[in-house]
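> Please find structure_29.cif (mmCIF, C-alpha atoms) on the next line:
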data_entry
loop_
_atom_site.label_atom_id
_atom_site.label_comp_id
_atom_site.auth_asym_id
_atom_site.auth_seq_id
_atom_site.Cartn_x
_atom_site.Cartn_y
_atom_site.Cartn_z
CA MET A 1 -218.16 -67.01 65.63
CA SER A 2 -219.89 -69.71 63.71
CA THR A 3 -217.98 -71.96 61.37
CA LYS A 4 -219.83 -70.64 58.30
CA ALA A 5 -219.08 -67.03 59.23
CA PHE A 6 -215.42 -67.88 59.82
CA LYS A 7 -215.15 -69.58 56.44
CA THR A 8 -216.86 -66.66 54.70
CA GLU A 9 -214.44 -64.26 56.40
CA LYS A 10 -211.43 -66.33 55.25
CA ILE A 11 -212.75 -66.49 51.67
CA ASP A 12 -213.23 -62.70 51.67
CA GLU A 13 -209.70 -62.22 53.04
CA ILE A 14 -208.21 -64.36 50.25
CA LYS A 15 -210.32 -62.56 47.62
CA SER A 16 -209.17 -59.14 48.85
CA LYS A 17 -205.51 -60.19 48.62
CA ILE A 18 -206.02 -61.68 45.16
CA GLU A 19 -207.65 -58.48 43.88
CA LYS A 20 -204.56 -56.45 44.88
CA ALA A 21 -201.92 -59.01 43.89
CA GLN A 22 -199.73 -58.87 40.79
CA VAL A 23 -198.51 -62.42 41.39
CA ALA A 24 -199.43 -65.41 43.54
CA VAL A 25 -196.84 -68.06 44.32
CA ILE A 26 -198.05 -71.39 45.70
CA THR A 27 -195.77 -73.27 48.07
CA GLU A 28 -195.82 -76.40 50.14
CA TYR A 29 -194.97 -75.66 53.74
CA LYS A 30 -194.70 -79.23 55.06
CA GLY A 31 -191.98 -79.49 57.69
CA LEU A 32 -191.86 -75.79 58.52
CA THR A 33 -192.25 -74.59 62.09
CA VAL A 34 -194.48 -71.68 63.04
CA GLU A 35 -191.36 -69.56 63.64
CA GLU A 36 -190.04 -70.32 60.15
CA ILE A 37 -193.38 -69.51 58.53
CA THR A 38 -193.53 -66.27 60.51
CA LYS A 39 -189.98 -65.37 59.46
CA LEU A 40 -190.84 -65.99 55.80
CA ARG A 41 -194.09 -64.03 56.12
CA ARG A 42 -192.22 -61.04 57.65
CA GLU A 43 -189.63 -61.11 54.85
CA ILE A 44 -192.33 -61.09 52.17
CA GLN A 45 -194.35 -58.39 53.96
CA LYS A 46 -191.23 -56.24 54.22
CA ASN A 47 -191.06 -56.29 50.41
CA GLY A 48 -194.70 -55.39 49.77
CA GLY A 49 -196.38 -58.78 49.77
CA ASP A 50 -198.01 -61.31 52.06
CA TYR A 51 -197.75 -65.02 52.84
CA MET A 52 -200.69 -66.96 54.14
CA VAL A 53 -201.36 -70.58 54.97
CA THR A 54 -204.75 -71.42 53.52
CA LYS A 55 -207.25 -74.21 53.46
CA ASN A 56 -207.41 -75.61 49.92
CA THR A 57 -211.20 -75.72 49.66
CA LEU A 58 -211.60 -72.11 50.82
CA THR A 59 -208.87 -70.93 48.46
CA LYS A 60 -210.44 -72.73 45.52
CA ILE A 61 -213.74 -70.98 46.25
CA ALA A 62 -211.98 -67.60 46.55
CA ILE A 63 -210.04 -67.88 43.27
CA LYS A 64 -212.93 -69.21 41.21
CA GLY A 65 -213.53 -66.89 38.27
CA THR A 66 -210.28 -64.92 38.74
CA ASP A 67 -206.95 -64.88 36.91
CA TYR A 68 -205.60 -67.09 39.71
CA GLU A 69 -208.00 -69.99 39.06
CA PRO A 70 -205.25 -72.11 37.38
CA LEU A 71 -203.67 -72.52 40.84
CA ALA A 72 -206.55 -74.80 41.86
CA ASP A 73 -204.88 -77.78 40.15
CA LYS A 74 -201.75 -77.28 42.28
CA MET A 75 -203.67 -77.24 45.56
CA VAL A 76 -202.92 -80.66 46.97
CA GLY A 77 -201.68 -81.14 50.50
CA PRO A 78 -200.60 -78.39 52.88
CA ILE A 79 -200.17 -75.22 50.81
CA ALA A 80 -199.55 -71.56 51.38
CA LEU A 81 -199.85 -68.61 49.02
CA ALA A 82 -197.41 -65.74 48.68
CA PHE A 83 -198.80 -62.58 47.13
CA GLY A 84 -196.81 -59.77 45.56
CA PHE A 85 -198.68 -56.48 45.66
CA GLU A 86 -195.93 -54.07 44.56
CA ASP A 87 -193.43 -56.22 42.69
CA PRO A 88 -194.05 -59.64 41.13
CA VAL A 89 -190.45 -60.75 41.68
CA THR A 90 -189.97 -60.25 45.42
CA PRO A 91 -192.22 -63.05 46.76
CA ALA A 92 -190.59 -65.66 44.52
CA LYS A 93 -187.15 -64.31 45.40
CA ALA A 94 -187.86 -64.40 49.16
CA ILE A 95 -189.27 -67.95 49.01
CA THR A 96 -186.37 -69.24 46.91
CA LYS A 97 -183.86 -67.70 49.32
CA PHE A 98 -185.73 -69.17 52.29
CA ILE A 99 -185.81 -72.66 50.76
CA LYS A 100 -182.06 -72.51 50.03
CA GLU A 101 -181.33 -71.47 53.62
CA THR A 102 -183.62 -73.91 55.44
CA LYS A 103 -183.77 -76.79 52.94
CA LYS A 104 -187.50 -76.94 53.76
CA GLY A 105 -190.60 -76.18 51.74
CA GLU A 106 -191.13 -76.29 48.02
CA ILE A 107 -192.37 -73.99 45.28
CA LEU A 108 -195.26 -75.56 43.37
CA GLY A 109 -195.83 -72.80 40.82
CA ALA A 110 -197.22 -69.30 40.40
CA VAL A 111 -199.69 -67.24 38.43
CA LEU A 112 -198.49 -64.04 36.82
CA ASP A 113 -200.80 -61.99 34.60
CA GLY A 114 -203.30 -64.86 34.47
CA LYS A 115 -200.70 -67.36 33.24
CA LEU A 116 -199.79 -70.44 35.25
CA LEU A 117 -196.02 -70.67 35.68
CA SER A 118 -194.26 -74.00 36.15
CA ILE A 119 -191.82 -74.58 38.99
CA GLU A 120 -188.88 -73.79 36.67
CA GLU A 121 -190.54 -70.60 35.41
CA THR A 122 -191.26 -69.52 38.98
CA LYS A 123 -187.62 -70.07 39.93
CA ALA A 124 -186.60 -68.08 36.84
CA LEU A 125 -188.93 -65.31 38.02
CA ALA A 126 -187.03 -65.32 41.32
CA ASP A 127 -183.76 -64.79 39.43
CA LEU A 128 -185.02 -61.58 37.79
CA PRO A 129 -183.95 -58.27 39.32
CA THR A 130 -186.47 -56.42 41.50
CA LYS A 131 -188.02 -53.10 40.46
CA GLU A 132 -185.53 -51.21 42.63
CA GLU A 133 -182.59 -53.02 41.02
CA LEU A 134 -183.97 -52.30 37.55
CA PHE A 135 -184.46 -48.62 38.39
CA ALA A 136 -180.89 -48.41 39.72
CA LYS A 137 -179.49 -50.02 36.56
CA MET A 138 -181.59 -47.74 34.37
CA LEU A 139 -180.45 -44.63 36.23
CA GLY A 140 -176.86 -45.83 36.02
CA SER A 141 -177.23 -46.25 32.26
CA ILE A 142 -178.74 -42.80 31.90
CA ASN A 143 -176.09 -41.24 34.14
CA SER A 144 -173.16 -43.03 32.48
CA PRO A 145 -172.91 -40.89 29.31
CA ALA A 146 -173.19 -37.68 31.33
CA SER A 147 -170.44 -38.88 33.66
CA GLY A 148 -168.26 -39.67 30.64
CA ILE A 149 -168.76 -36.19 29.20
CA VAL A 150 -167.94 -34.59 32.54
CA GLY A 151 -164.80 -36.73 32.78
CA CYS A 152 -163.68 -35.70 29.27
CA VAL A 153 -164.27 -32.00 29.90
CA ASN A 154 -162.46 -32.18 33.23
CA GLY A 155 -159.58 -34.05 31.58
CA VAL A 156 -159.18 -31.36 28.91
CA MET A 157 -159.34 -28.61 31.53
CA ALA A 158 -156.77 -30.40 33.70
CA GLN A 159 -154.38 -30.82 30.73
CA LEU A 160 -154.77 -27.15 29.82
CA THR A 161 -154.05 -26.12 33.42
CA ARG A 162 -150.94 -28.35 33.56
CA ALA A 163 -149.70 -26.97 30.22
CA MET A 164 -150.16 -23.39 31.41
CA ALA A 165 -148.36 -24.21 34.67
CA ALA A 166 -145.46 -25.75 32.71
CA VAL A 167 -145.17 -22.60 30.50
CA ARG A 168 -145.28 -20.38 33.59
CA ASP A 169 -142.53 -22.49 35.25
CA GLN A 170 -140.39 -22.29 32.09
CA LYS A 171 -140.67 -18.51 31.84
CA ALA A 172 -139.96 -18.07 35.56
CA ALA A 173 -136.73 -20.08 35.30
#
Go through the file and emit its structure as structure tokens.

Amino acid sequence: MSTKAFKTEKIDEIKSKIEKAQVAVITEYKGLTVEEITKLRREIQKNGGDYMVTKNTLTKIAIKGTDYEPLADKMVGPIALAFGFEDPVTPAKAITKFIKETKKGEILGAVLDGKLLSIEETKALADLPTKEELFAKMLGSINSPASGIVGCVNGVMAQLTRAMAAVRDQKAA
């Protein structure tokens, strides 16, 4: 495969991921081993995303004219991109957790809905609950009043049953 064909293939691969992504998080991977990068990639893929080490020049070509173009300013040194296809929170959450565990790597920023996020904003994004957690909280909130009503009705029925049992015991004695 010629060098030009390889580069074109890589640019197309980045473009295809960008078209599907809801968020792109840019990280510095200096100091990480191949095993650590693979572990991080598997964690992000498990949650509906992808993590790829990219060449800055090819990535800049791929993101030109897209919502992710603001990332070009952050592309200095060895970088990797994490994409979130299903949930914008999970890639940032996985990277933040990985950095805390290994003390290696660094978040440089992210783009969400065409807006460049600072490092602090990206870390705040990682602190948000995932879609699944939000759905669980929402269902719990919806279910809570119904559970309360059921508890009240059961309590009244239980009191009535105990009162009737007490009357029956009194009359039997």
> Take the PyMOL selection byres ((chain A and resi 81) around 8), run it mentally on this structure, and tell me the resulting residues as a list in words.
Ala24, Val25, Ile26, Thr27, Tyr51, Met52, Val53, Thr54, Ile79, Ala80, Ala82 and Phe83 of chain A
> Give the answer as one residue: which of A:Thr3, A:Thr57, A:Asn47, A:Thr66 has the shortest atom-to-atom distance to Val111 of chain A, using all atoms listed in the file?
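Comparing A:Thr3, A:Thr57, A:Asn47, A:Thr66 against Val111 of chain A, the winner is A:Thr66.
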> What's the 10 Å shell around Glu19 of chain A, counting only C-alpha atoms, without same-chain residues fewer than 6 positions away, as a PyMOL selection string?
chain A and resi 63+66-68+85
> Residues picked by the PyMOL selection byres ((chain A and resi 114-128) around 9) here, as a CSV table (one decimal) with C-alpha atoms, in the coordinates of the input?

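Just written: out.csv:
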chain,number,residue,atom,x,y,z
A,23,VAL,CA,-198.5,-62.4,41.4
A,25,VAL,CA,-196.8,-68.1,44.3
A,66,THR,CA,-210.3,-64.9,38.7
A,67,ASP,CA,-207.0,-64.9,36.9
A,68,TYR,CA,-205.6,-67.1,39.7
A,69,GLU,CA,-208.0,-70.0,39.1
A,70,PRO,CA,-205.2,-72.1,37.4
A,71,LEU,CA,-203.7,-72.5,40.8
A,88,PRO,CA,-194.0,-59.6,41.1
A,89,VAL,CA,-190.4,-60.8,41.7
A,90,THR,CA,-190.0,-60.2,45.4
A,91,PRO,CA,-192.2,-63.0,46.8
A,92,ALA,CA,-190.6,-65.7,44.5
A,93,LYS,CA,-187.2,-64.3,45.4
A,94,ALA,CA,-187.9,-64.4,49.2
A,95,ILE,CA,-189.3,-68.0,49.0
A,96,THR,CA,-186.4,-69.2,46.9
A,97,LYS,CA,-183.9,-67.7,49.3
A,107,ILE,CA,-192.4,-74.0,45.3
A,108,LEU,CA,-195.3,-75.6,43.4
A,109,GLY,CA,-195.8,-72.8,40.8
A,110,ALA,CA,-197.2,-69.3,40.4
A,111,VAL,CA,-199.7,-67.2,38.4
A,112,LEU,CA,-198.5,-64.0,36.8
A,113,ASP,CA,-200.8,-62.0,34.6
A,129,PRO,CA,-184.0,-58.3,39.3
A,130,THR,CA,-186.5,-56.4,41.5
> With all atoms listed in the file as the atoms that count, which of A:Asn56, A:Gln170, A:Ser144, A:Thr102 lies nearest to Pro78 of chain A?
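With all atoms listed in the file as the atom set, the closest residue is A:Asn56.
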> Atom CA of Ile37 of chain A to atom CA of Ile99 of chain A: how many Å, to one decimal?
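Distance reported for this atom pair: 11.3 Å.
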> Using all atoms listed in the file, which residue out of A:Asp169, A:Asp87, A:Glu106, A:Glu133 lies closest to Lys30 of chain A?
A:Glu106
> Here is a test: counting only C-alpha atoms, which residue of A:Thr33, A:Glu101, A:Gly84, A:Ala146 is nearest to Lys46 of chain A?
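Distance minimum relative to Lys46 of chain A lands on A:Gly84.
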> At a cut-off of 12 Å, using all atoms listed in the file, what residues contact segment 4-8 of chain A? Leave out same-chain residues fewer than 3 positions from it and give the result as a PyMOL selection string.
chain A and resi 1+11-15+54-59+61-62
> Go ahead and write the residues just picked, C-alpha atoms, as a PDB file, keeping the file's coordinate frame.

ATOM      1  CA  MET A   1    -218.160 -67.010  65.630  1.00  0.00           C
ATOM      2  CA  ILE A  11    -212.750 -66.490  51.670  1.00  0.00           C
ATOM      3  CA  ASP A  12    -213.230 -62.700  51.670  1.00  0.00           C
ATOM      4  CA  GLU A  13    -209.700 -62.220  53.040  1.00  0.00           C
ATOM      5  CA  ILE A  14    -208.210 -64.360  50.250  1.00  0.00           C
ATOM      6  CA  LYS A  15    -210.320 -62.560  47.620  1.00  0.00           C
ATOM      7  CA  THR A  54    -204.750 -71.420  53.520  1.00  0.00           C
ATOM      8  CA  LYS A  55    -207.250 -74.210  53.460  1.00  0.00           C
ATOM      9  CA  ASN A  56    -207.410 -75.610  49.920  1.00  0.00           C
ATOM     10  CA  THR A  57    -211.200 -75.720  49.660  1.00  0.00           C
ATOM     11  CA  LEU A  58    -211.600 -72.110  50.820  1.00  0.00           C
ATOM     12  CA  THR A  59    -208.870 -70.930  48.460  1.00  0.00           C
ATOM     13  CA  ILE A  61    -213.740 -70.980  46.250  1.00  0.00           C
ATOM     14  CA  ALA A  62    -211.980 -67.600  46.550  1.00  0.00           C
TER      15      ALA A  62
END
> Can you measure atom CA of Lys39 of chain A to atom CA of Gly105 of chain A for me? One decimal in Å is fine.
13.3 Å
> For atom CA of Glu9 of chain A and atom CA of Arg41 of chain A, quote the distance in Å rounded to one decimal.
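Straight-line distance from atom CA of Glu9 of chain A to atom CA of Arg41 of chain A works out to 20.4 Å.
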> Hey, could you pull the box centre and edge lengths for segment 19-33 of chain A, axis-aligned, 4 Å padding per side, all listed atoms, to one decimal in Å, as JSON?

{"center_x": -199.8, "center_y": -68.0, "center_z": 51.4, "size_x": 23.8, "size_y": 31.0, "size_z": 29.3}
> Calculated over all atoms listed in the file, which of the candidates A:Glu28, A:Gly48, A:Lys103, A:Phe98 has the smallest distance to Lys74 of chain A?
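Looking at the shortest contact to Lys74 of chain A, the residue is A:Glu28.
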> Hey, could you patch up segment 50-71 of chain A with N, CA and C atoms and hand it over as an mmCIF file, in the coordinates of the input?

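Result written to result.cif:
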data_model
loop_
_atom_site.group_PDB
_atom_site.id
_atom_site.type_symbol
_atom_site.label_atom_id
_atom_site.label_comp_id
_atom_site.auth_asym_id
_atom_site.auth_seq_id
_atom_site.Cartn_x
_atom_site.Cartn_y
_atom_site.Cartn_z
ATOM 1 N N ASP A 50 -197.466 -60.593 50.909
ATOM 2 C CA ASP A 50 -198.010 -61.310 52.060
ATOM 3 C C ASP A 50 -197.889 -62.802 51.812
ATOM 4 N N TYR A 51 -197.862 -63.562 52.897
ATOM 5 C CA TYR A 51 -197.750 -65.020 52.840
ATOM 6 C C TYR A 51 -198.784 -65.575 53.802
ATOM 7 N N MET A 52 -199.656 -66.415 53.280
ATOM 8 C CA MET A 52 -200.690 -66.960 54.140
ATOM 9 C C MET A 52 -200.901 -68.450 53.898
ATOM 10 N N VAL A 53 -201.015 -69.164 55.013
ATOM 11 C CA VAL A 53 -201.360 -70.580 54.970
ATOM 12 C C VAL A 53 -202.871 -70.624 54.796
ATOM 13 N N THR A 54 -203.321 -71.402 53.825
ATOM 14 C CA THR A 54 -204.750 -71.420 53.520
ATOM 15 C C THR A 54 -205.284 -72.844 53.461
ATOM 16 N N LYS A 55 -206.564 -72.942 53.628
ATOM 17 C CA LYS A 55 -207.250 -74.210 53.460
ATOM 18 C C LYS A 55 -207.592 -74.322 51.968
ATOM 19 N N ASN A 56 -207.261 -75.433 51.365
ATOM 20 C CA ASN A 56 -207.410 -75.610 49.920
ATOM 21 C C ASN A 56 -208.840 -75.347 49.434
ATOM 22 N N THR A 57 -209.819 -75.882 50.130
ATOM 23 C CA THR A 57 -211.200 -75.720 49.660
ATOM 24 C C THR A 57 -211.629 -74.262 49.684
ATOM 25 N N LEU A 58 -211.236 -73.531 50.731
ATOM 26 C CA LEU A 58 -211.600 -72.110 50.820
ATOM 27 C C LEU A 58 -210.886 -71.296 49.743
ATOM 28 N N THR A 59 -209.627 -71.635 49.494
ATOM 29 C CA THR A 59 -208.870 -70.930 48.460
ATOM 30 C C THR A 59 -209.448 -71.181 47.082
ATOM 31 N N LYS A 60 -209.841 -72.407 46.820
ATOM 32 C CA LYS A 60 -210.440 -72.730 45.520
ATOM 33 C C LYS A 60 -211.730 -71.942 45.303
ATOM 34 N N ILE A 61 -212.508 -71.774 46.351
ATOM 35 C CA ILE A 61 -213.740 -70.980 46.250
ATOM 36 C C ILE A 61 -213.383 -69.518 45.981
ATOM 37 N N ALA A 62 -212.370 -69.007 46.676
ATOM 38 C CA ALA A 62 -211.980 -67.600 46.550
ATOM 39 C C ALA A 62 -211.416 -67.260 45.171
ATOM 40 N N ILE A 63 -210.691 -68.185 44.556
ATOM 41 C CA ILE A 63 -210.040 -67.880 43.270
ATOM 42 C C ILE A 63 -210.912 -68.207 42.069
ATOM 43 N N LYS A 64 -212.044 -68.829 42.323
ATOM 44 C CA LYS A 64 -212.930 -69.210 41.210
ATOM 45 C C LYS A 64 -213.352 -67.951 40.443
ATOM 46 N N GLY A 65 -213.151 -68.000 39.129
ATOM 47 C CA GLY A 65 -213.530 -66.890 38.270
ATOM 48 C C GLY A 65 -212.514 -65.751 38.211
ATOM 49 N N THR A 66 -211.323 -65.942 38.786
ATOM 50 C CA THR A 66 -210.280 -64.920 38.740
ATOM 51 C C THR A 66 -209.128 -65.390 37.859
ATOM 52 N N ASP A 67 -208.142 -64.525 37.667
ATOM 53 C CA ASP A 67 -206.950 -64.880 36.910
ATOM 54 C C ASP A 67 -206.135 -65.973 37.619
ATOM 55 N N TYR A 68 -206.388 -66.161 38.917
ATOM 56 C CA TYR A 68 -205.600 -67.090 39.710
ATOM 57 C C TYR A 68 -206.238 -68.484 39.790
ATOM 58 N N GLU A 69 -207.311 -68.701 39.060
ATOM 59 C CA GLU A 69 -208.000 -69.990 39.060
ATOM 60 C C GLU A 69 -207.101 -71.160 38.640
ATOM 61 N N PRO A 70 -206.116 -70.980 37.736
ATOM 62 C CA PRO A 70 -205.250 -72.110 37.380
ATOM 63 C C PRO A 70 -204.480 -72.712 38.551
ATOM 64 N N LEU A 71 -204.368 -71.980 39.661
ATOM 65 C CA LEU A 71 -203.670 -72.520 40.840
ATOM 66 C C LEU A 71 -204.426 -73.670 41.481
#
